[in-house]
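Chemist: First the structure, which I've put down as structure tokens, then a few questions once you've had a look.
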Amino acid sequence: MPNGNIKNIIGRLLSEMSGVNRVSQNTIDAYSRDLNQFAGFCEEIGISSLDKISERHLRNYLVNLNEAGLSKTSVARKLSSLRKLFQFALKNNFIESNPIKKIPNPKVKRKLPETISASYYEEILAKIDSSEEEDEIKRANKIIVELLYGCALRVSELTALKLKDIDLDNRVIKVWGKGSKTRYAPVGSKTHKILKEYIACLESKSRDDFLIKLKGKPVDRFYVYRLVKKLLSGYELKRKSPHILRHSSATHMLDNDADLLAVKEFLGHENLSTTQIYTHVSIERIKKIYKQAHPKSKKESL
């Protein structure tokens with residue numbers, strides 16, 4: 001049996017994810033944090049080889065996580081990382097059996113994603129246009145929010161875009177999604193106009209250049225988060241993140257009778273169940289509108 005040192009196996013798994021599977025750096029960082037935390041636990045109990053880990057050890061680890069006050073969502077994520085580790089170890093003969101296979105994930109109640117209204121999105125664009133920022137920054141800010149909403153991109157997908165991924169003639173964008181899976185996002189007429197104007201103003205139009213740059217450097221996710229948080233400051237939300245624009249895009253499509261399977265492909269979801277959460281958001285919006293506007297709403301409830 002190959003060297004079963006826990007840290008060695010974690011390192012090999014992360015190398016495979018990066019080099020072979022081409023997983024995003026953010027995902028690798030998350031796996032690294034979760035798995036090294038587990039390695040630290042193993043070190044504390046005097047275990048250095050993965051084949052010495054039993055189901056009992058794993059249950060004790062979960063007890064530790066719960067006692068530390070971690071949410072069910074965080075525990076479920078850490079379990080997902082461990083499943084990946086043990087599957088990798090089993091496939092590569094580091095272990096003979098999988099001790100985690102009988103351990104279920106904690107039941108997590110999925111929260112409905114927060115959204116903004118379509119009218120407020122127009123206010124965001126107007127806010128960018130009327131800002132006192134220099135033109136280069138205004139153009140970059142505008143294309144950032146337009147692609148987050150108009151094409152429902154994730155932040156990692158947005159910051160990875162290169163000029164060669166943009167097909168203005170056919171009105172599609174090649175998107176590098178989770179797990180290095182690619183999809184083609186359609187570009188609507190309004191997004192197409194903003195995108196065309198933005199590209200026309202670029203100093204360098206090399207196909208290998210990143211699409212969104214400021215002062216010659218590609219924008220990173222930290223810039224995007226700061227920008228969106230600032231732009232959403234006037235809207236009542238628990239968390240003002242770029243994903244709000246993606247959530248809003250999907251919800252507004254379903255509000256306007258878009259096909260659920262089409263929305264699934266548009267968002268790049270692997271499972272339909274992930275997309276279905278937006279149908280619940282749409283229903284809740286309808287309920288809210290009914291209660292506010294229908295003359296019978298005070299006598300009847302849904």
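Letters for chains follow the order of the structure tokens (A, B, ...), residue numbers begin at 1 for each chain, and ligand numbers begin at 1 in the order shown.
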Please provide as a ChimeraX atom specification all residues within 10 Å of A:Ser24, with the sequence filter that same-chain residues fewer than 4 positions apart are discarded (counting only C-alpha atoms).
Modeler: /A:17-18,28-29,156-157,160,176-180
Chemist: Please provide as a PyMOL selection string all residues within 12 Å of A:Arg33, with the sequence filter that same-chain residues fewer than 3 positions apart are discarded (counting only C-alpha atoms).
Modeler: chain A and resi 10-11+14+26-30+36-40+77-78+81-82
Chemist: With only C-alpha atoms as the basis for distance, which of A:Asn60, A:Asn256, A:Thr191, A:Ser97 is at the shortest distance from A:Leu148?
Modeler: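 Using only C-alpha atoms, A:Leu148 sits closest to A:Thr191.
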